[in-house]
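Here's the structure, in structure tokens; my notes come after.
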Amino acid sequence: MKRTGLFGCGALLAASFGLALTAGSGVAEADSIKIGAPFNVTGSLSSLDAPALNGAKLKAKEINAAGGINGKTIDLVVYDTKTDPTVIASVASQLLNSDKVPVAMGFTDSDSALALGPIFQQAGVPFVTPGATSPKLPEQVGTDMFLACFGDNVQAAAGAEFVLNKLNGKNVYLLRDNSTEYTTLLAKYFDEAFTKGGGAIVGRDDYKSGDKSFTAQITKLKASAQKPDVLYIAAMPDDIGLVVKQMRQAGVTQPIVGGDGYDTPLLLSVGGKAANDVYYSTHAFMAPTGSTDAIAKFYTDYKAAYGTEPENAFAALGYDTVGLIADAIKRAGSEDPAKIRDALAATKGYPGITGSITYPGDSRVPQKTVTMIGVKGDHLTLGAEVTPSWLPAP
Amino acid sequence: MNMDLYVVQQVINAVSVGSLYALVAIGLSMVFGILRMTNFAHGDMMMVGAFAALVLGAAGLPFWLAALGGIVIAAIAGIVVERVAYRPVRGSPDVTLLLTSLGVTYILENLGILIFTSSPRNFPIPDLMNSSIQFMDGQITFTAINVVTVVLTAVSLSALGWFVTRTDAGLGTRATAEDLGAARLVGLDVNRLIVTAFAIASAFAGLAGVLWAAQAGIVEPDMGFTPLLKAFVAAIIGGFGSIAGALVGGYVLGALEVLIVAFLPSEVSSYRDAIVFAFLIAFLLFRPNGLLNRAQEVKL
Amino acid sequence: MIRPAALLSLLAPLVLVAVVTAAAPRLVNDYAVRVLIVMCINAVLVASMGVANGFTGVFSLGHVGFVAVGAYASGILSLPLAAKHAYLSDLPHWLGSFSLPFLPATIVAGLVCTALAFVVGAPLMRLSGYFVSVATLGFLIIVNVILINAVDYTRGARTFTSVPRETTLPWAVGWLAVTLLVLSRIVYSPYGRRYRAVREDTIAAQAIGISVLPTRLSAFMVGAFFAGVGGSLYGHYLGSFSPASFYMAYTFSLISMLVIGGMQSLTGAVAGVIVVTLASEVLRNLERGIDFGAFSVPPLYGASQIVLGIIFILVMIFRPSGIMGDRELTPGLLYSRKRRPPEEYL
């Protein structure tokens, strides 16, 4: 390639990059409030993030149709962060410097929130995550990080109380996916809460997400000296259908309890009849009928907008997070990041469709009830609404 | 817990898993045998087969017909990839071929994500196949899918065996694998034979994809990644380039994995994949031609 | 006697780079600075990968394994004590009792990787062609599994966080300069000739007395050292990471930069990083959808990866030697050669 050709290409590339730098989010209207929305639309986490983004966009559209906030429309500045930490850091910087957003929301996992959090914290701009449930996040990042969902310690404690009180389980066999942060934490919190509540863990075992055969673990379970009343399995959405199916096929009839990783259509479609007598904690009872009116309306609207039913509760969480931020901006009466942050921290009783959101005291993890859902036959039922009385420390 | 029955159960598991590894490894070995190329995109043929079967099934075809359609579409995909990406670089150094296949797998996976989103989807199978068969009071269980897997593997292997020993095309592919230049010299249409080999290899991968999805219950765009790596190990253990070797290697690997998980304490068995790959490295060092190939002069 | 021209040709680029580094944060916004930092880190990694893969002809797919080890090792060493007690309470006592500053942590990480490369490379560098590629891929997988399971040291699959975010542009540029200087001194020295000899014709090289294994091993170890350094820079840039950050996706990204830039050239490594990074950023912003006023292209997330993959394959088909091939961009090119009549050479 001739030297001139090389320089030509290089110049073109540099020019496009410069253009990309300045273009930012395209046409920016003076009468709009920008809310940053980085999500892992592609990459390994997209099955959770994409529905959350859809829910967020739905709420933004609704708010704008109703006149916006303080007379201005909401402009969601969406970026695909590709489940890549370098891209996340770049996007964080882009949001702050090129788009100059006063507030942002995104992500359903802690890794991504941690990659972006410190950058926003340094800039003093608040960030609300719809779905990263690690309760340690606000401490790890700082005063600008908020969760819109309950922490894993809360849902594990709720699960423990449900097992003790509603299922009368005293002995539990704890099976855990040891390859992700979420499941490892969930199992740890359950262990603490259940033991504190007077129960006993009679066996522990691990598997890795992606395993297709659990016969080894099932064999050990059946061979354990003390038979458990209930199984608590900390699993990811991809695996739970198969785990449950193999357990039942091998003759394990005890109730199976878990966390919001079970909140996926795959539980029923892959698990089939085996999903009977499975219970899990989650953010909202996602069903077109039998749940609250707000959720039913959400189902209709989501289906009309995207052609499919909401894939999981993260869609509803994304929806609520935008609503929460809009509410805070309205109360703050300004687009100053610091004022928005303070308004967020002062949120009391925001009526989300996933529950009422309140940030108690200085905490940036909301107080929300945990919904326990049960599977009866081939459909979901509401098991209980639990507000745990004792929480394991994050 | 009866130890003998435990062992029997684990043997059943090993055979079931090993069959899938063997199916994928055979395709890898075939392509390597002919083109001396490590085809990293082979795993994506599994994805193509499984997704095609899913789509066809959703369109109303009965399961077995949708599965067959998936296999055919996988074979076609293999032919297309060969024509578009591999033929232009044929004859290049090993590294170029390897890198090209890396590029192809990157494109295919992202294409899958673009079209299907990376959410895992349910892979519905007829209830009959889901039924579990139990012996000895539940101490030995397997499902109809496991049986189908083993049977189909045996059937397709016999078909392949017949093909490479009794048909002209099959003998041609073996000749090409042994010496591409000489095959050309004696007048064989090498291009056609390579296409045939790719089609067969991808069809096998497609079949493995359908069976894998049936066992796991879900399909997702990156489903081919882990089986591909395992298939590499299987093919190398058995002897890279040899179909019989891939078969043997598949079952050896299946047995190894089950052994690790079933009989070692859980602290060690969580290192299962590391142990398997350490095994691979050991083979590469001490017996690079695998179990079946005769030891040839190892070039440094 | 050092010729003034030679001295100038060495100092000028260094001064230029130093000026740009100091001025950049003032001239362009934070986002551009971030892109520059990532480019420098990737350039360190790609250049070090090129030493083994390009110059010695041993295509290792396990480079990112060393990057991971470098990131974790330097992270464990430089984590502030408070964070160590909070997150890594099960560390052995001697590790848990001190915390190193950035530079020593980076160097120690590099040395750890070099030692690991010796252990891993001694058996593996005997292999050739696809054997070594698959074996080093196995190494990457083994590292990944160990990181996930060695929970006491690495927090397993959970995010490793609170690493002090110390990688600023001067640090990144400085390490890149050091890397390129050291690597160019090694690769273009008489010892470095052995690398190319071993790559071109192993048997002939052995015939003239070059031992293949130590040659390849030394390249592997040098590459691993800078992989460790790059890993430390990367870890201290992100501040938090997990084993998944150092696996197949990152491997493919680095390989594409290496190949597109030219496997057998250090300038090629830098060129490849620049081209792929800029192209990725441009495409990433384009795939969000474009508004032309009258009509608009909807967001097509994931398209940028596919386009990059296609570019990669096109390069493999039409220009497998990459942008730079095996040429280097040296200051000498800036000086025109005076034509001397042939008689003067006699």
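By convention here, the chains of the structure tokens are called A, B, ... in the order presented, each chain's residues are numbered starting at 1, and ligands are numbered starting at 1 in the order presented.
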Kindly provide the residues of chain B that approach chain A to within 7 Å, each paired with its closest atom pair and their distance in Å to one decimal, based on only C-alpha atoms, listed by chain and increasing number, as CSV.
```
residue,atom,partner,partner_atom,distance
B:Met1,CA,A:Ala223,CA,6.4
B:Ser118,CA,A:Ser47,CA,5.7
B:Ser119,CA,A:Ser47,CA,4.3
B:Pro120,CA,A:Asp238,CA,6.6
B:Asn122,CA,A:Val270,CA,5.8
B:Ser132,CA,A:Gln249,CA,6.5
B:Gly138,CA,A:Ala250,CA,6.4
B:Thr141,CA,A:Ala250,CA,6.6
B:Ala216,CA,A:Lys212,CA,5.8
B:Gly217,CA,A:Val270,CA,5.6
B:Val261,CA,A:Ala216,CA,6.5
B:Ala262,CA,A:Ala216,CA,5.3
```
Deliver the residues from the most recent selection as a file, using C-alpha atoms, as a CSV table (one decimal), in the first residue's frame.
```csv
chain,number,residue,atom,x,y,z
B,1,MET,CA,-25.7,-46.3,48.1
B,118,SER,CA,-28.4,-13.6,23.2
B,119,SER,CA,-31.3,-14.6,25.4
B,120,PRO,CA,-31.3,-18.4,25.7
B,122,ASN,CA,-36.3,-23.0,25.1
B,132,SER,CA,-37.1,-40.8,31.9
B,138,GLY,CA,-34.3,-44.7,40.8
B,141,THR,CA,-31.8,-43.0,35.5
B,216,ALA,CA,-29.7,-28.9,27.7
B,217,GLY,CA,-33.2,-27.7,27.0
B,261,VAL,CA,-16.8,-35.0,38.8
B,262,ALA,CA,-18.1,-38.2,40.2
```
Per-residue DSSP, range 181-336 of chain C, filtered to strand (DSSP E or B), as number ranges by chain: C: 241, 290-291, 296-297
Top pick for closest residue to chain C, considering B:Gly187, B:Pro227, B:Gly161, B:Gly112 and counting only C-alpha atoms: B:Gly112
Determine which residues of range 34-206 of chain B DSSP labels as helix (DSSP H, G or I) from the backbone of this structure, then write them out as a PyMOL selection string. chain B and resi 34-35+42-58+63-89+94-116+127-130+136-138+144-166+168-178+180-185+190-206
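Those residues of chain C that fall within 6 Å of chain B when using only C-alpha atoms read Arg126, Leu127, Ala135, Gly138, Ile142, Val145, Gly302, Ile306, Gly309, Ile313 and Ile317 of chain C.
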Neighbouring residues of Ala157 in chain A were defined as those with any atom within 10 Å, considering only C-alpha atoms; residues of the same chain fewer than 3 positions away were excluded. Please report them as a VMD selection string. chain A and resid 152 to 154 160 to 163 186 189 to 194 196 to 197 281 370 386 to 392
Go ahead and write the selection's residues with N, CA and C atoms as a CSV table (one decimal), in the first residue's frame.
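Wrote out.csv, looks like this:
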```csv
chain,number,residue,atom,x,y,z
A,152,ASP,N,-29.3,-8.5,47.4
A,152,ASP,CA,-29.3,-10.0,47.5
A,152,ASP,C,-29.5,-10.4,48.9
A,153,ASN,N,-29.0,-9.7,49.9
A,153,ASN,CA,-29.1,-10.1,51.3
A,153,ASN,C,-30.6,-10.1,51.7
A,154,VAL,N,-31.3,-9.1,51.1
A,154,VAL,CA,-32.7,-9.0,51.4
A,154,VAL,C,-33.5,-10.2,50.8
A,160,ALA,N,-35.2,-17.3,53.2
A,160,ALA,CA,-35.0,-18.1,54.4
A,160,ALA,C,-36.2,-18.1,55.3
A,161,GLU,N,-36.8,-16.9,55.4
A,161,GLU,CA,-38.0,-16.8,56.3
A,161,GLU,C,-39.2,-17.6,55.6
A,162,PHE,N,-39.3,-17.5,54.3
A,162,PHE,CA,-40.3,-18.3,53.6
A,162,PHE,C,-40.2,-19.7,53.9
A,163,VAL,N,-38.9,-20.3,53.8
A,163,VAL,CA,-38.7,-21.7,54.0
A,163,VAL,C,-39.1,-22.1,55.4
A,186,LEU,N,-25.7,-14.8,47.0
A,186,LEU,CA,-27.0,-15.3,47.4
A,186,LEU,C,-26.9,-16.4,48.3
A,189,TYR,N,-25.6,-15.4,51.8
A,189,TYR,CA,-26.6,-14.6,52.6
A,189,TYR,C,-27.7,-15.6,53.1
A,190,PHE,N,-28.1,-16.5,52.2
A,190,PHE,CA,-29.1,-17.5,52.7
A,190,PHE,C,-28.6,-18.3,53.8
A,191,ASP,N,-27.4,-18.8,53.7
A,191,ASP,CA,-26.8,-19.6,54.7
A,191,ASP,C,-26.9,-18.8,56.1
A,192,GLU,N,-26.5,-17.6,56.1
A,192,GLU,CA,-26.5,-16.8,57.3
A,192,GLU,C,-27.9,-16.6,57.8
A,193,ALA,N,-28.8,-16.2,57.0
A,193,ALA,CA,-30.1,-15.9,57.4
A,193,ALA,C,-30.8,-17.1,57.9
A,194,PHE,N,-30.7,-18.2,57.2
A,194,PHE,CA,-31.4,-19.5,57.6
A,194,PHE,C,-30.9,-20.0,58.9
A,196,LYS,N,-29.4,-18.2,61.3
A,196,LYS,CA,-29.8,-17.3,62.3
A,196,LYS,C,-31.3,-17.5,62.7
A,197,GLY,N,-32.1,-17.9,61.7
A,197,GLY,CA,-33.5,-18.2,62.0
A,197,GLY,C,-33.8,-19.5,62.6
A,281,SER,N,-37.7,-15.9,45.0
A,281,SER,CA,-37.9,-14.5,45.4
A,281,SER,C,-37.6,-13.7,44.2
A,370,VAL,N,-40.2,-8.2,49.2
A,370,VAL,CA,-39.8,-9.3,48.3
A,370,VAL,C,-41.0,-10.1,48.0
A,386,VAL,N,-42.9,-10.8,51.4
A,386,VAL,CA,-42.1,-10.9,52.6
A,386,VAL,C,-41.3,-9.7,52.8
A,387,THR,N,-41.3,-9.2,54.0
A,387,THR,CA,-40.3,-8.2,54.4
A,387,THR,C,-39.5,-8.8,55.5
A,388,PRO,N,-38.3,-9.2,55.2
A,388,PRO,CA,-37.5,-10.0,56.2
A,388,PRO,C,-37.3,-9.2,57.5
A,389,SER,N,-37.2,-9.8,58.6
A,389,SER,CA,-37.0,-9.1,59.9
A,389,SER,C,-35.6,-9.0,60.2
A,390,TRP,N,-34.7,-9.9,59.8
A,390,TRP,CA,-33.3,-9.8,60.0
A,390,TRP,C,-32.6,-9.9,58.7
A,391,LEU,N,-31.6,-9.0,58.5
A,391,LEU,CA,-30.8,-9.0,57.3
A,391,LEU,C,-29.4,-9.3,57.5
A,392,PRO,N,-28.8,-10.3,56.8
A,392,PRO,CA,-27.3,-10.5,56.9
A,392,PRO,C,-26.6,-9.2,56.4
```
Check: which chain C residues lie within 8 Å of chain A using only C-alpha atoms, as a JSON list (two decimals) with C-alpha atoms, in the first residue's frame:
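That gives us iface_0.json:
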```
[["chain", "number", "residue", "atom", "x", "y", "z"],
["C", 29, "ASN", "CA", -12.01, 15.96, 26.68],
["C", 30, "ASP", "CA", -11.82, 13.09, 29.13],
["C", 31, "TYR", "CA", -13.36, 10.63, 26.70],
["C", 32, "ALA", "CA", -10.56, 11.13, 24.17],
["C", 34, "ARG", "CA", -9.53, 7.54, 27.95],
["C", 35, "VAL", "CA", -9.37, 6.24, 24.42],
["C", 38, "VAL", "CA", -6.64, 2.25, 26.35],
["C", 148, "ILE", "CA", -12.36, -18.53, 39.35],
["C", 156, "GLY", "CA", -13.26, -16.09, 42.41],
["C", 157, "ALA", "CA", -15.86, -15.12, 39.84],
["C", 158, "ARG", "CA", -16.82, -12.09, 41.86],
["C", 159, "THR", "CA", -15.60, -8.68, 40.88],
["C", 161, "THR", "CA", -12.55, -4.26, 43.11],
["C", 162, "SER", "CA", -11.01, -1.24, 44.84],
["C", 238, "LEU", "CA", -10.51, -0.08, 35.32],
["C", 239, "GLY", "CA", -10.24, -0.34, 39.08],
["C", 240, "SER", "CA", -12.37, -3.47, 39.08],
["C", 241, "PHE", "CA", -12.37, -6.61, 36.94],
["C", 242, "SER", "CA", -13.19, -10.29, 37.04],
["C", 245, "SER", "CA", -12.61, -9.70, 31.53],
["C", 275, "VAL", "CA", -6.78, 1.48, 13.51],
["C", 278, "LEU", "CA", -10.60, 4.12, 16.24],
["C", 279, "ALA", "CA", -12.67, 1.94, 13.93],
["C", 281, "GLU", "CA", -15.23, 3.65, 18.47],
["C", 282, "VAL", "CA", -16.55, 5.05, 15.22],
["C", 284, "ARG", "CA", -19.86, 1.79, 18.06],
["C", 285, "ASN", "CA", -21.22, 5.30, 17.79],
["C", 288, "ARG", "CA", -26.63, 3.63, 17.75],
["C", 290, "ILE", "CA", -28.08, 7.77, 12.53],
["C", 291, "ASP", "CA", -30.49, 10.64, 12.08],
["C", 301, "TYR", "CA", -26.41, -3.09, 18.22],
["C", 302, "GLY", "CA", -23.87, -5.75, 17.52],
["C", 323, "ILE", "CA", -0.72, -2.82, 7.32]]
```
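Nearest to Leu5 in chain B of all the residues B:Leu23, B:Ile140, B:Ala74, B:Ala67 is B:Ile140, based on only C-alpha atoms.
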Using only C-alpha atoms, determine which residues lie at most 7 Å from range 203-207 of chain B, disregarding the query and same-chain residues fewer than 6 positions distant; provide the list as a PDB file with C-alpha atoms, in the first residue's frame.
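part_0.pdb, written as the output of this step:
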```pdb
ATOM      1  CA  LEU B  23     -19.849 -36.156  16.817  1.00  0.00           C
ATOM      2  CA  VAL B  24     -18.274 -32.714  16.998  1.00  0.00           C
ATOM      3  CA  GLY B  27     -16.035 -32.977  11.877  1.00  0.00           C
ATOM      4  CA  MET B  45     -22.239 -25.107  12.954  1.00  0.00           C
ATOM      5  CA  MET B  46     -23.787 -26.636  16.061  1.00  0.00           C
ATOM      6  CA  VAL B  48     -26.695 -23.070  13.154  1.00  0.00           C
ATOM      7  CA  GLY B  49     -28.140 -26.566  13.268  1.00  0.00           C
ATOM      8  CA  ALA B  50     -29.863 -26.041  16.597  1.00  0.00           C
ATOM      9  CA  GLY B  70     -31.357 -28.208  10.941  1.00  0.00           C
ATOM     10  CA  ILE B  71     -28.715 -30.703   9.909  1.00  0.00           C
ATOM     11  CA  VAL B  72     -29.129 -29.869   6.238  1.00  0.00           C
ATOM     12  CA  ALA B  74     -25.807 -26.647   8.957  1.00  0.00           C
ATOM     13  CA  ALA B  75     -24.232 -28.533   6.064  1.00  0.00           C
TER      14      ALA B  75
END
```
So which residues touch range 61-73 of chain A within 8 Å, counting only C-alpha atoms, skipping near sequence neighbours fewer than 4 positions away, as a PDB file with C-alpha atoms, in the first residue's frame?
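Output contents, as saved in around.pdb:
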```
ATOM      1  CA  ASP A  31     -36.035  21.466  25.783  1.00  0.00           C
ATOM      2  CA  SER A  32     -35.065  17.986  26.794  1.00  0.00           C
ATOM      3  CA  ILE A  33     -33.550  16.453  29.880  1.00  0.00           C
ATOM      4  CA  LYS A  57     -37.646   3.242  26.944  1.00  0.00           C
ATOM      5  CA  ALA A 326     -38.077  11.422  36.621  1.00  0.00           C
ATOM      6  CA  ILE A 329     -35.867  15.444  38.848  1.00  0.00           C
ATOM      7  CA  LYS A 330     -39.361  16.829  39.327  1.00  0.00           C
ATOM      8  CA  GLY A 333     -36.869  21.198  40.245  1.00  0.00           C
TER       9      GLY A 333
END
```
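Reported to one decimal place, the separation of CA of Asn39 in chain B from CA of Val80 in chain B is 14.0 Å.
Here CA of Ile79 in chain B stands at a distance of 22.7 Å from CA of Val219 in chain B.
Minimum distance to Gly91 in chain B across B:Gly60, B:Gly18, B:Gly181, B:Gly238 (counting only C-alpha atoms) occurs at B:Gly181.
Counting from CA of Gln155 in chain A, the distance to CA of Ile233 in chain A is 13.2 Å.
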Considering only C-alpha atoms, return as a PyMOL selection string whatever protein or nucleic-acid residues lie within 7 Å of range 253-255 of chain B, sequence-local ones (same chain, fewer than 2 positions apart) excluded. chain B and resi 14-15+17-18+234+249-251+257-259
With a distance cut-off of 12 Å and only C-alpha atoms, select the neighbouring residues of Leu54 in chain B, excluding the residue or stretch itself and same-chain residues fewer than 2 positions from it, and output the selection as a VMD selection string. chain B and resid 47 to 52 56 to 71 73 116 120 to 125 209 to 211 213 to 214 217 to 220
